[in-house]
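As structure tokens, the structure follows; a few thoughts come after it.
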Amino acid sequence: MAQLYNHHEVEPKWQKIWEDEKAYKTDNDYSKPKYYALVEFPYPSGQGLHVGHPRPYTALDIVARKRRMQGYNVLYPMGWDAFGLPTENYAIANHIHPKTVTENNVARFKAQLQSLGYSFDWDREVNTTDPNYYHWTQWIFLKLFNAGLAYKTNMPINFCTSCKVGLANEEVVNGKCERCGSEVIRKQQSQWMLKITEYADKLIEGLDSVDYIERVKTQQRNWIGRSTGAEVDFALTGKDDKLTVYTTRPDTLFGATYMVMSPEHPYIEKYKDEISNYDELIAYREQAAKKSDFERTELAKDKTGVEIKGLTATNPVNGKQIPIWISDYVLMSYGTGAIMAVPAHDERDWDFAKKFNLPIIEVVAGSSVPVTEQVYTDVAEGKLVNSEFLNGLSVADAKVKITEFLTEKGIGHAKTNYKLRDWVFSRQRYWGEPIPIIHCDKCGYVPLKEEELPLMLPEVDSYMPTDTGESPLAAMTDWVNVKCPKCGGPAKRETDTMPQWAGSSWYFLRYTDPTNDKELASKEALKYWLPVDWYNGGMEHTTLHLLYSRFWHRFLYDEGVVPCPEPYQKRTSHGMILGSNGEKMSKSRGNVVNPDDIVREYGADTLRTYEMFIGAFDLAASWSDEGVRGCRRFLERVWKLQDITVDGDTYSSDLETNMHKTIKKVSLDFESLKYNTAIAALMTLINDFYKKGSVTKAELKTFLTLLNPVAPHITEEIWSLEGFDGRIYNTAWPEYDEAKTVENEIEIAVQISGKVRGKIMIAVDEDKDSVITKAKENEAIAPLLEGKTIVKEIYVPGKIVNIVVK
RNA sequence: GCUCCGGUGGCGGAAUUGGCAGACGCAUGGGACUUAAAAUCCCACGGUGGCGACACCGUACCGGUUCAAGUCCGGUCCGGAGCACCA
């Protein structure tokens, strides 16, 4: 009898051996085929590792381990995305340097990850807060700046009137400051921006060449939001000026019955003197300023707005004079900050027109309900009406014709627009990468020289932003006041820091050559390792992080720094792990599970197995303590296979098909995010071993090898106790014979008119006539066919027989 | 609100291109072992009716396509993720 399975001994023992043997150290042998598996590096929060972290890490650990067994040179690295707001806030509250906070958190995270037995190459660990790392983050920023892709502009930020601090959106709760409850306003602040919009088309087109799960591609495309339409000029009545609008429906131009400008539109100031209700407009603008864009565009039911008295516009195609309104659902940041409203054929315009009693004119016919009662937005069926030379055309044809007309007359032109906005790149915070720019009154923004990098984050007395909302670095006058590198005159350093997204936009490059102090990584290393073969991360990073890092990568490709245009060949996403009550885990809900407790009580292998078995990898799953115990029970059954192991270097004949089938299923499932069914197949196989009462050494070897990527410690221990050669971690992945994965004889169902009425045994390759005859002769079927007329006989090979009767 | 995703037993979930709904695990009930319990092993386990072979119903809801629908199409309801300064 084997001893009891004791994970307290087995797991630390093998973790030590793997470390001593450098089992997972990535080879620098560039002649071998490579495989780069990547998981999103964590933010080392003060709470320690969450049970959500091991889900993706285990999944790609499985892939990495399997690839090593298949002979690949595997890069599976880990690091820390350590700049960020929570650390800074903790530092402020507890008067500890954020660097110290980070060090402590990283140490804890690392110990926790190591206790889970991941095959990370810890020699390649990176940390975004390490000056040797952010040296290159700053270097990339300088490249962007020199390429004209970084610029400064005024952007609104959330500002707490009481704390005098710029706030992250997350710190604004119902329009109030999360810390003090005071009112939050939108304050204009000069900000560094990155021109990601210049890369919009490249970022859309790049998606065609990569293998991302479809919904990630869809989300990226929709986020970029490319739309084609037209810009149209409306003359301001009696003025020399024009109001330009962007519309995706130029075909409906004859139906424009009013216009709406964003409350921030510059014309309000420009024509201040002619607007009789200026004060009212300003009051409305102040109200709107309190809302985020998100709040402004939500709640379609509750439209607000004010008519501008004293200013009207002229519709360029029919000369009609129409009123101009302001409303917060029109954003200055999208299009031209003004729209033409066609209430008959646009939902928001319709709601607005109904509320303020504005005319609704039908220009696309096809609705069964009058447009005064229901908006009609169909573009496939409708035909143009009330539109002079457009009448009778389809929407698509009308779009082309009106755009030509506008272009000819010089009052408009085709225009592509994007929902994507430029990336706000400054933070008025301490704990981030300093922006390597100097402001000189004479020379403007002057970049630091490359040799001066890294620009170190200086020590400060307080991490609090200043009263004016500037970064705490602004108070460091010694650091701030410098000589202009160009003219030698007095100048000031930029005191804003970069957002956390900066460091995480290129970390996967650094892993290929993490200690290089001459370049962000050597050309050879990048050429060999890139692109990342498989990148897994949370669905919550699908739009921002993924898009930002693709943008930087594409830029670096254009600059000749990296060898390929797209950074990630394959992208998958995992679902969240929820508490046992199906809600998000949080302290306040009291449903938090600490992975340390699970490792202590059941072992790392149990935790790994459970998290892979918990459900469909891409969907959210609820934690279950009973489920964990079930997985522990499975591993104990694996352990006890030692008691029924018999000699034999081949698969026994009655299990042969089963073995080949399972190798195939597990091999394929590990590649396609179906870890739960792979484990289910292994459970089924072990049940067969026990049913039979014995397992040959050959069968055991295969079984252990298939399970090893999921549960590396216990399989390594049994491997060694059974005296098998070498280590399981560098044994070869089992092969299967396709011909041996199918039974010769199979059972199929026989239906009569679509209902299962019996089963028959057939040979896999039996022909249709023979199968149908067998079905009709079946004792359960034959009586049911008596006196009936057979209308149709269907045989789907290897699947089903259906006899349709009357 | 906008974009995307999901809804299957008591529970987590399974079901290549439409082809036997409920694999595997959990919970529960019964049995074996035990002085007893735990652990382990065996059996049952969607609902309704029937002693029973069996019959009917059943994949959120309504309708459609098909010999055949969890899967495809149209509509409705409910839940989740993201929404640009959380990471």
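Going through the structure tokens in order, the chains are called A, B, and so on, while each chain numbers its residues from 1 and the ligands are numbered from 1 in the order shown.
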
Any idea what's packed within 8 Å of Glu716 in chain A, counting only C-alpha atoms (C1' of nucleotides), ignoring anything in its chain fewer than 5 positions away? Could you give it as a ChimeraX atom specification? /A:14,708,727-729

Could you give me, as JSON lines, every chain B residue with an atom at most 10 Å from chain A, plus its closest atom pair and distance in Å to one decimal, counting only C-alpha atoms (C1' of nucleotides), rows ordered by chain then number?
{"residue": "B:G1", "atom": "C1'", "partner": "A:Glu298", "partner_atom": "CA", "distance": 3.7}
{"residue": "B:C2", "atom": "C1'", "partner": "A:Glu298", "partner_atom": "CA", "distance": 7.8}
{"residue": "B:U3", "atom": "C1'", "partner": "A:Asn222", "partner_atom": "CA", "distance": 6.4}
{"residue": "B:C4", "atom": "C1'", "partner": "A:Gln219", "partner_atom": "CA", "distance": 6.1}
{"residue": "B:C5", "atom": "C1'", "partner": "A:Arg215", "partner_atom": "CA", "distance": 7.9}
{"residue": "B:G6", "atom": "C1'", "partner": "A:Leu619", "partner_atom": "CA", "distance": 8.1}
{"residue": "B:C11", "atom": "C1'", "partner": "A:Ser624", "partner_atom": "CA", "distance": 9.4}
{"residue": "B:G12", "atom": "C1'", "partner": "A:Ile614", "partner_atom": "CA", "distance": 6.5}
{"residue": "B:G13", "atom": "C1'", "partner": "A:Gly615", "partner_atom": "CA", "distance": 5.9}
{"residue": "B:A14", "atom": "C1'", "partner": "A:Thr677", "partner_atom": "CA", "distance": 7.6}
{"residue": "B:G19", "atom": "C1'", "partner": "A:Ile800", "partner_atom": "CA", "distance": 5.9}
{"residue": "B:C20", "atom": "C1'", "partner": "A:Ala749", "partner_atom": "CA", "distance": 5.5}
{"residue": "B:A23", "atom": "C1'", "partner": "A:Ala680", "partner_atom": "CA", "distance": 8.0}
{"residue": "B:C24", "atom": "C1'", "partner": "A:Ala680", "partner_atom": "CA", "distance": 4.5}
{"residue": "B:G25", "atom": "C1'", "partner": "A:Gly630", "partner_atom": "CA", "distance": 6.6}
{"residue": "B:C26", "atom": "C1'", "partner": "A:Gly627", "partner_atom": "CA", "distance": 5.7}
{"residue": "B:A27", "atom": "C1'", "partner": "A:Glu626", "partner_atom": "CA", "distance": 8.4}
{"residue": "B:C67", "atom": "C1'", "partner": "A:Val804", "partner_atom": "CA", "distance": 6.1}
{"residue": "B:A68", "atom": "C1'", "partner": "A:Gly754", "partner_atom": "CA", "distance": 5.5}
{"residue": "B:G80", "atom": "C1'", "partner": "A:Ala620", "partner_atom": "CA", "distance": 8.1}
{"residue": "B:A81", "atom": "C1'", "partner": "A:Glu540", "partner_atom": "CA", "distance": 6.4}
{"residue": "B:G82", "atom": "C1'", "partner": "A:Glu540", "partner_atom": "CA", "distance": 6.1}
{"residue": "B:C83", "atom": "C1'", "partner": "A:Phe294", "partner_atom": "CA", "distance": 7.0}
{"residue": "B:A84", "atom": "C1'", "partner": "A:Leu544", "partner_atom": "CA", "distance": 7.4}
{"residue": "B:C85", "atom": "C1'", "partner": "A:Ala168", "partner_atom": "CA", "distance": 4.0}
{"residue": "B:C86", "atom": "C1'", "partner": "A:Glu170", "partner_atom": "CA", "distance": 6.0}
{"residue": "B:A87", "atom": "C1'", "partner": "A:Tyr43", "partner_atom": "CA", "distance": 6.6}

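Distance annotation: of A:Asn174, A:Ser505, A:Thr477, A:Thr515, the residue with the minimal separation from Glu125 in chain A is A:Thr515; atom set is only C-alpha atoms.
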
As JSON, numbers by chain, list the residues of range 151-257 of chain A assigned to helix (DSSP H, G or I) by DSSP on the backbone atoms of this structure. {"A": [169, 170, 171, 196, 197, 198, 199, 200, 201, 202, 203, 204, 205, 206, 207, 208, 209, 214, 215, 216, 217, 218, 219, 220, 221, 222, 223, 224, 250, 251, 252, 253, 254, 255]}

All residues 10 Å or closer to Thr304 in chain A, only C-alpha atoms (C1' of nucleotides), same chain fewer than 5 positions away omitted, as a count of residues only: 10

Identify, on the basis of only C-alpha atoms (C1' of nucleotides), every residue whose closest approach to Leu194 in chain A does not exceed 12 Å; exclude the query and any residue fewer than 4 positions from it along the same chain; express the result as an mmCIF file with N, CA, C and O atoms, in the first residue's frame.
data_model
loop_
_atom_site.group_PDB
_atom_site.id
_atom_site.type_symbol
_atom_site.label_atom_id
_atom_site.label_comp_id
_atom_site.auth_asym_id
_atom_site.auth_seq_id
_atom_site.Cartn_x
_atom_site.Cartn_y
_atom_site.Cartn_z
ATOM 1 N N ILE A 140 10.540 55.108 -25.057
ATOM 2 C CA ILE A 140 9.458 54.970 -26.040
ATOM 3 C C ILE A 140 8.662 56.274 -26.119
ATOM 4 O O ILE A 140 8.301 56.731 -27.206
ATOM 5 N N PHE A 141 8.449 56.905 -24.961
ATOM 6 C CA PHE A 141 7.724 58.182 -24.974
ATOM 7 C C PHE A 141 8.475 59.216 -25.819
ATOM 8 O O PHE A 141 7.877 59.947 -26.612
ATOM 9 N N LEU A 142 9.798 59.268 -25.655
ATOM 10 C CA LEU A 142 10.579 60.226 -26.448
ATOM 11 C C LEU A 142 10.444 59.947 -27.939
ATOM 12 O O LEU A 142 10.344 60.858 -28.753
ATOM 13 N N LYS A 143 10.429 58.654 -28.277
ATOM 14 C CA LYS A 143 10.233 58.276 -29.694
ATOM 15 C C LYS A 143 8.886 58.812 -30.184
ATOM 16 O O LYS A 143 8.789 59.354 -31.284
ATOM 17 N N LEU A 144 7.871 58.626 -29.371
ATOM 18 C CA LEU A 144 6.529 59.093 -29.748
ATOM 19 C C LEU A 144 6.525 60.609 -29.892
ATOM 20 O O LEU A 144 5.964 61.158 -30.836
ATOM 21 N N PHE A 145 7.187 61.265 -28.953
ATOM 22 C CA PHE A 145 7.249 62.721 -28.982
ATOM 23 C C PHE A 145 7.968 63.207 -30.249
ATOM 24 O O PHE A 145 7.483 64.067 -30.965
ATOM 25 N N ASN A 146 9.097 62.569 -30.537
ATOM 26 C CA ASN A 146 9.874 62.993 -31.702
ATOM 27 C C ASN A 146 9.154 62.682 -33.015
ATOM 28 O O ASN A 146 9.401 63.318 -34.025
ATOM 29 N N ALA A 147 8.255 61.706 -32.962
ATOM 30 C CA ALA A 147 7.481 61.373 -34.159
ATOM 31 C C ALA A 147 6.233 62.246 -34.270
ATOM 32 O O ALA A 147 5.407 62.050 -35.163
ATOM 33 N N GLY A 148 6.075 63.177 -33.345
ATOM 34 C CA GLY A 148 4.916 64.075 -33.395
ATOM 35 C C GLY A 148 3.633 63.438 -32.902
ATOM 36 O O GLY A 148 2.533 63.928 -33.172
ATOM 37 N N LEU A 149 3.749 62.340 -32.161
ATOM 38 C CA LEU A 149 2.545 61.656 -31.703
ATOM 39 C C LEU A 149 2.179 62.002 -30.261
ATOM 40 O O LEU A 149 1.184 61.518 -29.736
ATOM 41 N N ALA A 150 3.015 62.842 -29.615
ATOM 42 C CA ALA A 150 2.674 63.294 -28.265
ATOM 43 C C ALA A 150 2.475 64.793 -28.321
ATOM 44 O O ALA A 150 3.300 65.497 -28.906
ATOM 45 N N TYR A 151 1.388 65.287 -27.772
ATOM 46 C CA TYR A 151 1.142 66.730 -27.788
ATOM 47 C C TYR A 151 0.403 67.119 -26.525
ATOM 48 O O TYR A 151 -0.124 66.270 -25.809
ATOM 49 N N LYS A 152 0.390 68.436 -26.253
ATOM 50 C CA LYS A 152 -0.298 68.903 -25.059
ATOM 51 C C LYS A 152 -1.575 69.633 -25.425
ATOM 52 O O LYS A 152 -1.624 70.358 -26.415
ATOM 53 N N THR A 153 -2.614 69.412 -24.637
ATOM 54 C CA THR A 153 -3.863 70.128 -24.882
ATOM 55 C C THR A 153 -4.630 70.246 -23.568
ATOM 56 O O THR A 153 -4.308 69.577 -22.589
ATOM 57 N N GLU A 198 -4.326 58.414 -34.890
ATOM 58 C CA GLU A 198 -3.587 58.326 -36.147
ATOM 59 C C GLU A 198 -3.361 56.860 -36.537
ATOM 60 O O GLU A 198 -3.096 56.551 -37.691
ATOM 61 N N TYR A 199 -3.453 55.986 -35.559
ATOM 62 C CA TYR A 199 -3.243 54.555 -35.809
ATOM 63 C C TYR A 199 -4.554 53.782 -35.906
ATOM 64 O O TYR A 199 -4.553 52.555 -35.942
ATOM 65 N N LEU A 420 -12.962 56.332 -31.312
ATOM 66 C CA LEU A 420 -11.697 56.347 -30.579
ATOM 67 C C LEU A 420 -11.221 57.781 -30.382
ATOM 68 O O LEU A 420 -11.264 58.580 -31.308
ATOM 69 N N ARG A 421 -10.757 58.077 -29.172
ATOM 70 C CA ARG A 421 -10.224 59.408 -28.900
ATOM 71 C C ARG A 421 -8.740 59.285 -28.553
ATOM 72 O O ARG A 421 -8.273 58.207 -28.185
ATOM 73 N N ASP A 422 -8.038 60.379 -28.657
ATOM 74 C CA ASP A 422 -6.628 60.337 -28.295
ATOM 75 C C ASP A 422 -6.492 59.981 -26.815
ATOM 76 O O ASP A 422 -7.402 60.189 -26.020
ATOM 77 N N TRP A 423 -5.324 59.448 -26.508
ATOM 78 C CA TRP A 423 -5.062 58.852 -25.192
ATOM 79 C C TRP A 423 -4.538 59.939 -24.247
ATOM 80 O O TRP A 423 -3.480 60.514 -24.498
ATOM 81 N N VAL A 424 -5.291 60.200 -23.179
ATOM 82 C CA VAL A 424 -4.842 61.174 -22.170
ATOM 83 C C VAL A 424 -3.714 60.517 -21.386
ATOM 84 O O VAL A 424 -3.912 59.527 -20.701
ATOM 85 N N PHE A 425 -2.523 61.097 -21.514
ATOM 86 C CA PHE A 425 -1.332 60.385 -21.050
ATOM 87 C C PHE A 425 -0.723 60.970 -19.778
ATOM 88 O O PHE A 425 0.251 60.449 -19.264
ATOM 89 N N SER A 426 -1.288 62.067 -19.242
ATOM 90 C CA SER A 426 -0.705 62.637 -18.013
ATOM 91 C C SER A 426 -1.528 62.263 -16.797
ATOM 92 O O SER A 426 -2.741 62.158 -16.884
ATOM 93 N N MET A 498 3.340 59.428 -15.995
ATOM 94 C CA MET A 498 2.611 58.643 -17.000
ATOM 95 C C MET A 498 1.540 57.799 -16.310
ATOM 96 O O MET A 498 1.653 57.471 -15.135
ATOM 97 N N PRO A 499 0.535 57.370 -17.076
ATOM 98 C CA PRO A 499 -0.487 56.498 -16.504
ATOM 99 C C PRO A 499 0.066 55.078 -16.391
ATOM 100 O O PRO A 499 1.036 54.737 -17.062
ATOM 101 N N ALA A 502 1.239 52.860 -19.363
ATOM 102 C CA ALA A 502 2.488 53.005 -20.096
ATOM 103 C C ALA A 502 3.364 51.770 -19.924
ATOM 104 O O ALA A 502 3.750 51.128 -20.898
ATOM 105 N N TYR A 548 -3.995 49.809 -26.343
ATOM 106 C CA TYR A 548 -2.827 50.653 -26.092
ATOM 107 C C TYR A 548 -1.536 49.910 -26.432
ATOM 108 O O TYR A 548 -0.626 50.470 -27.047
ATOM 109 N N PHE A 551 -1.105 49.554 -30.088
ATOM 110 C CA PHE A 551 -0.725 50.854 -30.649
ATOM 111 C C PHE A 551 0.787 51.092 -30.497
ATOM 112 O O PHE A 551 1.486 51.388 -31.461
ATOM 113 N N TRP A 552 1.297 50.916 -29.271
ATOM 114 C CA TRP A 552 2.731 51.134 -29.055
ATOM 115 C C TRP A 552 3.554 50.191 -29.911
ATOM 116 O O TRP A 552 4.561 50.576 -30.487
ATOM 117 N N PHE A 555 3.552 51.216 -33.470
ATOM 118 C CA PHE A 555 4.421 52.385 -33.622
ATOM 119 C C PHE A 555 5.892 51.953 -33.638
ATOM 120 O O PHE A 555 6.666 52.380 -34.491
#
